[in-house]
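S.K.: Sending over upload-v6.cif (mmCIF, C-alpha atoms and all ligand atoms).
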data_upload
loop_
_atom_site.label_atom_id
_atom_site.label_comp_id
_atom_site.auth_asym_id
_atom_site.auth_seq_id
_atom_site.Cartn_x
_atom_site.Cartn_y
_atom_site.Cartn_z
CA ASN A 561 57.98 -57.05 153.72
CA VAL A 562 54.97 -55.40 152.18
CA ALA A 563 52.59 -58.36 152.01
CA ARG A 564 53.21 -59.23 155.65
CA MET A 565 52.65 -55.60 156.63
CA ARG A 566 49.39 -55.42 154.61
CA SER A 567 48.12 -58.53 156.42
CA PHE A 568 47.82 -56.38 159.56
CA VAL A 569 45.22 -54.07 158.00
CA ASP A 570 42.15 -55.70 159.51
CA ARG A 571 43.71 -57.30 162.56
CA PRO A 572 43.14 -56.06 166.09
CA SER A 573 46.06 -54.20 167.67
CA LEU A 574 47.30 -56.91 170.05
CA SER A 575 50.59 -57.51 171.82
CA ALA A 576 52.20 -60.97 171.72
CA ASP A 577 50.71 -61.67 175.18
CA GLY A 578 47.21 -60.60 174.13
CA HIS A 579 47.01 -57.06 175.49
CA GLU A 580 44.85 -54.83 173.27
CA VAL A 581 45.70 -51.22 172.43
CA GLU A 582 44.31 -48.73 169.91
CA LEU A 583 46.32 -47.53 166.95
CA ALA A 584 44.73 -44.34 165.73
CA ALA A 585 45.61 -41.77 163.11
CA ASN A 586 46.44 -38.08 163.19
CA ILE A 587 44.76 -36.04 160.47
CA GLY A 588 44.91 -32.40 159.48
CA SER A 589 42.23 -32.35 156.80
CA VAL A 590 39.54 -34.38 155.09
CA GLU A 591 42.00 -35.38 152.35
CA ASP A 592 43.95 -37.44 154.92
CA LEU A 593 40.99 -39.81 155.42
CA ALA A 594 41.70 -42.09 152.47
CA LYS A 595 45.06 -43.13 153.93
CA VAL A 596 43.51 -43.60 157.38
CA LEU A 597 40.98 -46.10 156.01
CA GLU A 598 43.54 -47.78 153.76
CA ASN A 599 45.85 -48.40 156.72
CA GLY A 600 43.23 -49.88 159.03
CA ALA A 601 43.33 -47.28 161.82
CA ASP A 602 41.32 -48.11 164.93
CA GLY A 603 40.09 -44.50 164.99
CA ILE A 604 41.26 -40.92 164.75
CA GLY A 605 43.28 -39.85 167.76
CA LEU A 606 43.90 -36.28 166.67
CA PHE A 607 42.08 -34.18 164.13
CA ARG A 608 43.96 -30.87 163.99
CA THR A 609 41.28 -28.34 163.05
CA GLU A 610 43.63 -25.43 162.35
CA PHE A 611 43.44 -25.99 158.57
CA LEU A 612 39.80 -24.88 158.65
CA TYR A 613 40.93 -21.48 159.89
CA MET A 614 44.14 -21.00 157.92
CA GLY A 615 44.85 -19.81 154.40
CA ARG A 616 41.69 -17.72 154.15
CA SER A 617 40.52 -14.23 154.97
CA SER A 618 37.78 -14.78 157.55
CA LEU A 619 36.68 -17.27 160.21
CA PRO A 620 34.94 -20.46 159.04
CA THR A 621 31.23 -20.52 159.77
CA GLU A 622 29.47 -23.02 162.01
CA GLU A 623 27.88 -24.61 158.94
CA GLU A 624 31.21 -25.06 157.14
CA GLN A 625 32.75 -26.68 160.20
CA PHE A 626 29.73 -28.87 160.85
CA THR A 627 29.92 -30.24 157.31
CA VAL A 628 33.58 -31.21 157.73
CA TYR A 629 33.20 -32.78 161.20
CA ARG A 630 30.10 -34.71 160.14
CA HIS A 631 31.90 -36.04 157.07
CA VAL A 632 34.84 -37.31 159.12
CA LEU A 633 32.57 -38.94 161.73
CA GLU A 634 30.50 -40.65 159.05
CA LYS A 635 33.54 -41.93 157.19
CA MET A 636 34.94 -43.41 160.40
CA ASN A 637 31.73 -45.37 160.77
CA GLY A 638 31.43 -45.61 164.55
CA LYS A 639 35.13 -45.63 165.35
CA ARG A 640 36.23 -42.94 167.78
CA VAL A 641 37.18 -39.56 166.28
CA VAL A 642 39.03 -37.20 168.61
CA ILE A 643 38.62 -33.67 167.32
CA ARG A 644 40.85 -31.04 168.86
CA THR A 645 39.52 -27.54 169.29
CA LEU A 646 41.45 -24.71 167.69
CA ASP A 647 45.17 -24.58 168.54
CA ILE A 648 46.14 -21.27 167.05
CA GLY A 649 48.86 -18.96 168.34
CA GLY A 650 52.46 -20.00 168.88
CA ASP A 651 53.88 -20.23 165.37
CA LYS A 652 50.43 -20.39 163.72
CA GLU A 653 48.83 -17.04 163.10
CA LEU A 654 45.48 -15.94 161.72
CA PRO A 655 46.13 -12.62 159.94
CA TYR A 656 42.42 -11.72 159.83
CA MET A 657 42.11 -11.91 163.61
CA ASP A 658 44.49 -9.07 164.30
CA LEU A 659 45.81 -10.41 167.60
CA PRO A 660 48.39 -8.39 169.53
CA LYS A 661 52.05 -9.27 168.84
CA GLU A 662 53.65 -11.18 171.69
CA SER A 663 57.35 -11.44 172.45
CA ASN A 664 57.04 -15.16 173.37
CA PRO A 665 54.15 -16.53 171.30
CA PHE A 666 54.74 -20.13 172.44
CA LEU A 667 54.30 -18.94 176.02
CA GLY A 668 51.48 -16.59 175.18
CA GLN A 669 47.86 -16.64 174.18
CA ARG A 670 47.77 -19.90 172.34
CA ALA A 671 45.09 -22.61 171.87
CA ILE A 672 42.63 -22.92 174.78
CA ARG A 673 43.92 -19.64 176.24
CA LEU A 674 42.83 -17.79 173.14
CA CYS A 675 39.55 -19.71 172.88
CA LEU A 676 38.57 -18.90 176.47
CA ASN A 677 39.50 -15.29 175.89
CA GLN A 678 37.57 -15.01 172.59
CA ASP A 679 34.75 -17.30 173.46
CA GLU A 680 32.46 -16.43 170.55
CA LEU A 681 34.99 -18.06 168.21
CA PHE A 682 35.14 -21.07 170.55
CA ARG A 683 31.34 -21.36 170.79
CA VAL A 684 30.97 -21.49 166.99
CA GLN A 685 33.38 -24.43 166.82
CA LEU A 686 31.73 -26.20 169.76
CA ARG A 687 28.26 -25.85 168.25
CA ALA A 688 29.52 -27.37 165.01
CA LEU A 689 31.08 -30.24 166.99
CA LEU A 690 28.01 -30.86 169.14
CA ARG A 691 25.75 -30.99 166.08
CA ALA A 692 28.16 -33.35 164.32
CA SER A 693 28.20 -35.66 167.35
CA ALA A 694 24.90 -37.17 166.22
CA TYR A 695 26.71 -38.77 163.24
CA GLY A 696 29.39 -40.90 164.91
CA LYS A 697 31.54 -41.43 167.96
CA LEU A 698 32.91 -38.01 168.81
CA ALA A 699 35.46 -37.07 171.43
CA ILE A 700 36.29 -33.39 171.94
CA MET A 701 39.81 -32.51 173.03
CA PHE A 702 41.16 -29.22 174.38
CA PRO A 703 44.79 -28.29 173.59
CA MET A 704 47.31 -26.63 175.92
CA ILE A 705 45.45 -27.10 179.20
CA ALA A 706 47.73 -25.99 182.05
CA VAL A 707 45.37 -25.85 185.04
CA VAL A 708 42.10 -27.47 186.13
CA ASP A 709 40.17 -24.18 185.95
CA GLU A 710 40.73 -23.92 182.20
CA LEU A 711 39.16 -27.34 181.73
CA GLY A 712 36.27 -26.37 183.99
CA ALA A 713 35.65 -23.18 182.03
CA ALA A 714 35.80 -24.99 178.67
CA LYS A 715 33.41 -27.70 179.87
CA ARG A 716 30.95 -25.10 181.13
CA ILE A 717 30.89 -23.48 177.69
CA VAL A 718 30.28 -26.88 176.06
CA GLU A 719 27.35 -27.44 178.41
CA GLU A 720 25.88 -24.00 177.72
CA GLU A 721 25.99 -24.63 173.99
CA ARG A 722 24.52 -28.11 174.42
CA VAL A 723 21.57 -26.70 176.40
CA LYS A 724 20.91 -24.10 173.70
CA LEU A 725 20.98 -26.69 170.91
CA GLU A 726 18.71 -29.05 172.78
CA ALA A 727 16.28 -26.22 173.48
CA ALA A 728 16.16 -25.75 169.69
CA SER A 729 15.49 -29.51 169.27
CA ILE A 730 18.83 -30.17 167.59
CA ALA A 731 20.17 -33.66 168.25
CA VAL A 732 23.37 -33.91 170.28
CA SER A 733 24.90 -37.21 171.37
CA ASP A 734 24.98 -37.79 175.12
CA GLU A 735 28.07 -39.99 174.82
CA ILE A 736 30.63 -37.40 173.81
CA GLU A 737 33.90 -37.87 175.67
CA ILE A 738 35.67 -34.68 176.70
CA GLY A 739 39.42 -34.93 177.12
CA ILE A 740 42.53 -32.83 177.13
CA MET A 741 45.96 -32.79 175.67
CA ILE A 742 48.78 -33.11 178.16
CA GLU A 743 51.51 -31.02 176.62
CA ILE A 744 52.47 -28.65 179.42
CA PRO A 745 54.61 -30.03 182.25
CA ALA A 746 52.34 -28.46 184.90
CA ALA A 747 49.44 -30.53 183.54
CA ALA A 748 51.46 -33.74 183.68
CA LEU A 749 52.51 -32.99 187.24
CA ASN A 750 48.90 -32.35 188.27
CA ALA A 751 47.35 -35.13 186.19
CA GLY A 752 45.47 -36.59 189.17
CA ALA A 753 43.31 -33.51 189.59
CA LEU A 754 42.81 -33.20 185.83
CA ALA A 755 41.82 -36.86 185.55
CA ARG A 756 38.88 -36.24 187.86
CA GLU A 757 37.51 -33.73 185.32
CA ALA A 758 38.59 -35.18 181.96
CA ASP A 759 37.32 -38.37 180.31
CA PHE A 760 40.72 -39.05 178.73
CA PHE A 761 44.20 -37.69 178.19
CA SER A 762 46.23 -37.49 175.01
CA ILE A 763 49.89 -36.69 175.53
CA GLY A 764 51.21 -34.16 173.05
CA THR A 765 54.89 -34.94 173.16
CA ASN A 766 55.83 -32.42 170.46
CA ASP A 767 55.02 -29.62 172.88
CA LEU A 768 55.61 -31.54 176.11
CA ILE A 769 59.25 -32.10 175.13
CA GLN A 770 59.64 -28.50 174.01
CA TYR A 771 58.28 -27.12 177.28
CA THR A 772 60.05 -29.64 179.52
CA MET A 773 63.44 -29.06 177.91
CA ALA A 774 62.83 -25.33 177.35
CA ALA A 775 63.93 -25.90 173.75
CA ASP A 776 61.98 -24.49 170.80
CA ARG A 777 60.77 -27.47 168.73
CA MET A 778 61.57 -25.57 165.49
CA ASN A 779 65.04 -24.31 166.43
CA GLU A 780 67.81 -26.42 164.86
CA SER A 781 70.49 -25.03 167.14
CA VAL A 782 68.87 -26.58 170.23
CA ALA A 783 67.59 -29.70 168.48
CA TYR A 784 69.98 -31.84 170.53
CA LEU A 785 67.73 -31.16 173.54
CA TYR A 786 64.73 -32.57 171.74
CA GLN A 787 64.90 -35.99 173.41
CA PRO A 788 61.69 -38.06 173.42
CA HIS A 789 63.41 -41.01 175.12
CA HIS A 790 64.91 -38.96 177.92
CA PRO A 791 64.00 -40.31 181.38
CA SER A 792 62.58 -36.88 182.31
CA ILE A 793 60.01 -37.26 179.53
CA LEU A 794 59.31 -40.89 180.34
CA ARG A 795 58.68 -40.00 184.00
CA LEU A 796 56.11 -37.39 183.00
CA VAL A 797 54.44 -39.88 180.66
CA ASP A 798 54.39 -42.45 183.47
CA MET A 799 52.81 -39.97 185.93
CA VAL A 800 50.09 -39.13 183.45
CA ILE A 801 49.19 -42.74 182.67
CA GLN A 802 49.21 -43.72 186.35
CA ALA A 803 46.98 -40.80 187.32
CA ALA A 804 44.55 -41.66 184.52
CA GLN A 805 44.45 -45.33 185.53
CA ARG A 806 43.76 -44.48 189.18
CA ASN A 807 40.74 -42.51 187.98
CA GLY A 808 39.49 -45.05 185.46
CA ARG A 809 40.45 -42.93 182.43
CA TRP A 810 42.34 -43.91 179.32
CA THR A 811 45.51 -42.27 178.04
CA GLY A 812 46.58 -41.77 174.46
CA MET A 813 49.50 -40.06 172.84
CA CYS A 814 49.29 -38.00 169.66
CA GLY A 815 52.76 -36.47 169.48
CA GLU A 816 55.33 -37.86 167.04
CA MET A 817 56.72 -40.09 169.78
CA ALA A 818 53.66 -42.40 169.60
CA GLY A 819 54.79 -43.81 166.25
CA ASP A 820 58.48 -44.14 167.09
CA ALA A 821 59.70 -47.74 167.04
CA ASP A 822 62.17 -47.08 169.87
CA ALA A 823 59.45 -45.53 172.03
CA ILE A 824 56.62 -48.00 171.41
CA PRO A 825 57.99 -50.78 173.68
CA LEU A 826 58.39 -48.25 176.52
CA LEU A 827 54.94 -46.74 175.99
CA LEU A 828 53.29 -50.15 175.84
CA GLY A 829 55.14 -51.04 179.04
CA LEU A 830 54.02 -47.84 180.78
CA GLY A 831 50.39 -48.73 180.00
CA LEU A 832 49.57 -46.34 177.16
CA HIS A 833 46.20 -47.31 175.69
CA GLU A 834 45.95 -45.35 172.46
CA PHE A 835 48.78 -44.50 170.05
CA SER A 836 47.93 -41.87 167.47
CA MET A 837 50.27 -41.30 164.54
CA SER A 838 50.45 -40.57 160.85
CA ALA A 839 48.45 -43.15 158.90
CA SER A 840 51.56 -44.58 157.22
CA SER A 841 53.01 -45.57 160.62
CA ILE A 842 50.02 -47.63 161.77
CA LEU A 843 50.78 -50.95 160.10
CA PRO A 844 54.47 -50.95 161.12
CA ALA A 845 53.37 -50.14 164.69
CA ARG A 846 50.76 -52.92 164.70
CA GLU A 847 53.31 -55.41 163.41
CA LEU A 848 55.86 -54.32 166.02
CA ILE A 849 53.36 -54.54 168.91
CA SER A 850 52.32 -58.03 167.79
CA ARG A 851 55.89 -59.16 168.56
CA LEU A 852 56.13 -57.43 171.96
CA SER A 853 55.15 -58.87 175.31
CA ARG A 854 53.32 -56.26 177.37
CA GLU A 855 54.66 -57.83 180.55
CA GLU A 856 58.30 -57.75 179.39
CA CYS A 857 57.84 -54.18 178.18
CA ALA A 858 56.52 -53.21 181.62
CA SER A 859 59.75 -54.30 183.28
CA LEU A 860 61.78 -52.70 180.48
CA ALA A 861 59.97 -49.41 181.09
CA ARG A 862 60.52 -49.59 184.87
CA GLN A 863 64.25 -49.99 184.21
CA ALA A 864 64.25 -47.08 181.76
CA LEU A 865 62.62 -44.79 184.33
CA ASP A 866 65.65 -45.24 186.60
CA LEU A 867 68.23 -44.32 183.96
CA GLY A 868 69.87 -40.90 183.66
CA SER A 869 70.07 -40.12 179.94
CA GLN A 870 68.38 -40.69 176.60
CA ALA A 871 71.45 -42.56 175.35
CA GLU A 872 71.12 -45.10 178.16
CA VAL A 873 67.41 -45.55 177.49
CA LEU A 874 67.97 -46.08 173.77
CA SER A 875 70.67 -48.63 174.35
CA LEU A 876 68.40 -50.52 176.79
CA VAL A 877 65.49 -50.54 174.31
CA ARG A 878 67.63 -51.59 171.35
CA GLN A 879 69.19 -54.41 173.32
CA HIS A 880 65.70 -55.65 174.16
CA GLN A 881 64.61 -55.30 170.52
CA SER A 882 67.56 -57.23 169.13
CA ARG A 883 66.77 -60.10 171.52
CA SER A 884 63.15 -60.28 170.33
CA GLU A 885 63.91 -60.14 166.57
C1 LIG B 1 51.85 -32.14 170.27
O1 LIG B 1 52.15 -31.05 170.78
O2 LIG B 1 52.47 -33.21 170.49
C2 LIG B 1 50.72 -32.23 169.33
C3 LIG B 1 50.29 -33.39 168.88
O3 LIG B 1 50.18 -31.05 168.91
P1 LIG B 1 50.81 -30.13 167.76
O4 LIG B 1 51.96 -30.89 167.17
O5 LIG B 1 49.70 -29.84 166.84
O6 LIG B 1 51.26 -28.95 168.59
MG MG B 2 50.82 -29.38 170.66
#
Could you quickly redo this structure as structure tokens?
Ligand code: PEP
Ligand code: MG
M.R.:
Amino acid sequence: NVARMRSFVDRPSLSADGHEVELAANIGSVEDLAKVLENGADGIGLFRTEFLYMGRSSLPTEEEQFTVYRHVLEKMNGKRVVIRTLDIGGDKELPYMDLPKESNPFLGQRAIRLCLNQDELFRVQLRALLRASAYGKLAIMFPMIAVVDELGAAKRIVEEERVKLEAASIAVSDEIEIGIMIEIPAAALNAGALAREADFFSIGTNDLIQYTMAADRMNESVAYLYQPHHPSILRLVDMVIQAAQRNGRWTGMCGEMAGDADAIPLLLGLGLHEFSMSASSILPARELISRLSREECASLARQALDLGSQAEVLSLVRQHQSRSE
């Protein structure tokens, strides 16, 4: 019921046994902000910056980007805003960049790979982000990290740009968190080493499922393999959260799975801290979590990890849900 749902707008995101999580929003442009505020998001867990680069004939300038990032940070008024650096490549192309055709674009020069290779483009975006950091609580997130060296290289470039800005007396926050998306199985499997270098993780299940199942996320004919609740996926999610916890880091999730009512009990049980989803899913998620016991969900999740198929996991979760309704 709508009135009951609305009553969750300014409540903290708490489980029935008092465990606090963050329910954040995914946005793709400034126009999405109204809904984010209207639905009482605890922050922004994923700002996809691709829109700034698409549907135009040249790269956006530092000034243009700065204006957008600053606006979002100011509107969020001190709540955390995770801005993801450019994730182009794969199915998203930039005609004006004239990149070589690849036979497997999803396995090619996408996201951070492209940014490290064309670092002038990357530096422009980072300077805009660093300058905007003075206007709110910014976290910078790198997409498609596979190995620790990529994170090291990206962080070095951030530091170089910070030093240059500071030398020019431009204010940059010294509390910017730098995190990565976990959306490549190799990164999940090596999360311990990555957690020593990253301030946080955000699990990108849209790609993590695609790459784990070797099934194109856009291809209908293999859509049956797209199984967020499969134990193979849950085990990767568990490894990531455990590795982050051992290193004192927090873990979020910004793939579609984070807003899925059948996944939320499992994710809460596995210890996920931040759930980032479309703004319209936030109140239903907050209401659902308010009825869940974190402790019960932890044992539910342990059971799920030992199962052998998505169907078994779903039936376990739904059984649990029907008991708590
Ligand atoms: C993901 O891969 O889960 C994700 C959030 O990124 P995108 O959907 O933009 O690839
Ligand atoms: Mg992705």
S.K.: Rank nothing, just name the residue among A:Ala699, A:Leu606, A:Ile801, A:Val707 nearest to ligand LIG 1 (chain B), using all atoms listed in the file.
M.R.: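 Among A:Ala699, A:Leu606, A:Ile801, A:Val707, it is A:Leu606 that comes nearest to ligand LIG 1 (chain B).
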S.K.: Name the residues, by chain letter and number, that sit within 10 Å of ligand MG 2 (chain B) using all atoms listed in the file, and give them as a ChimeraX atom specification.
M.R.: /A:608,647,650,671,703-704,741-744,763-770,814-815
S.K.: Report, in Å with one decimal, the straight-line distance from atom CA of Gln879 of chain A to atom CA of Leu865 of chain A.
M.R.: 16.0 Å
S.K.: Out of A:Ala714, A:Ala585, A:Ala864, A:Leu676, which residue has the shortest atom-to-atom distance to ligand LIG 1 (chain B) when counting all atoms listed in the file?
M.R.: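 Closest candidate: A:Ala585.
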S.K.: Identify which of the residues A:Met817, A:Ala747, A:Ile793, A:Leu659 lies closest to ligand LIG 1 (chain B), counting all atoms listed in the file when measuring atom-to-atom distances.
M.R.: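 Closest to ligand LIG 1 (chain B) of all the choices is A:Met817.
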S.K.: Find the spatial neighbours of segment 826-831 of chain A, counting all atoms listed in the file, within a cut-off of 9 Å - ignore same-chain residues fewer than 2 positions away - and output them as an MDAnalysis selection string.
M.R.: chainID A and resid 575 581 789 794 797:798 801:802 805 811 818 822:824 833 835 849 852:862 864 877
S.K.: Calculate how many Å separate atom CA of Arg687 of chain A from atom CA of Cys675 of chain A, rounding to one decimal.
M.R.: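 A separation of 13.7 Å between them.
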S.K.: Considering all atoms listed in the file, can you say which of A:Met565, A:Met799, A:Ala783, A:Leu646 comes closest to Leu749 of chain A?
M.R.: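 Of A:Met565, A:Met799, A:Ala783, A:Leu646, the one nearest Leu749 of chain A is A:Met799, counting all atoms listed in the file.
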S.K.: Which residue out of A:Tyr695, A:Arg566, A:Pro791, A:Glu780 has the minimum interatomic distance to Val873 of chain A when all atoms listed in the file are used?
M.R.: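 So, comparing all the options, the nearest one is A:Pro791.
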S.K.: Report, as lines of an AutoDock Vina configuration file, the centre and edge lengths in Å (one decimal) of the axis-aligned box enclosing every listed atom of segment 700-706 of chain A, padded by 6 Å on each side.
M.R.:
center_x = 42.0
center_y = -29.7
center_z = 177.0
size_x = 23.4
size_y = 19.4
size_z = 22.1
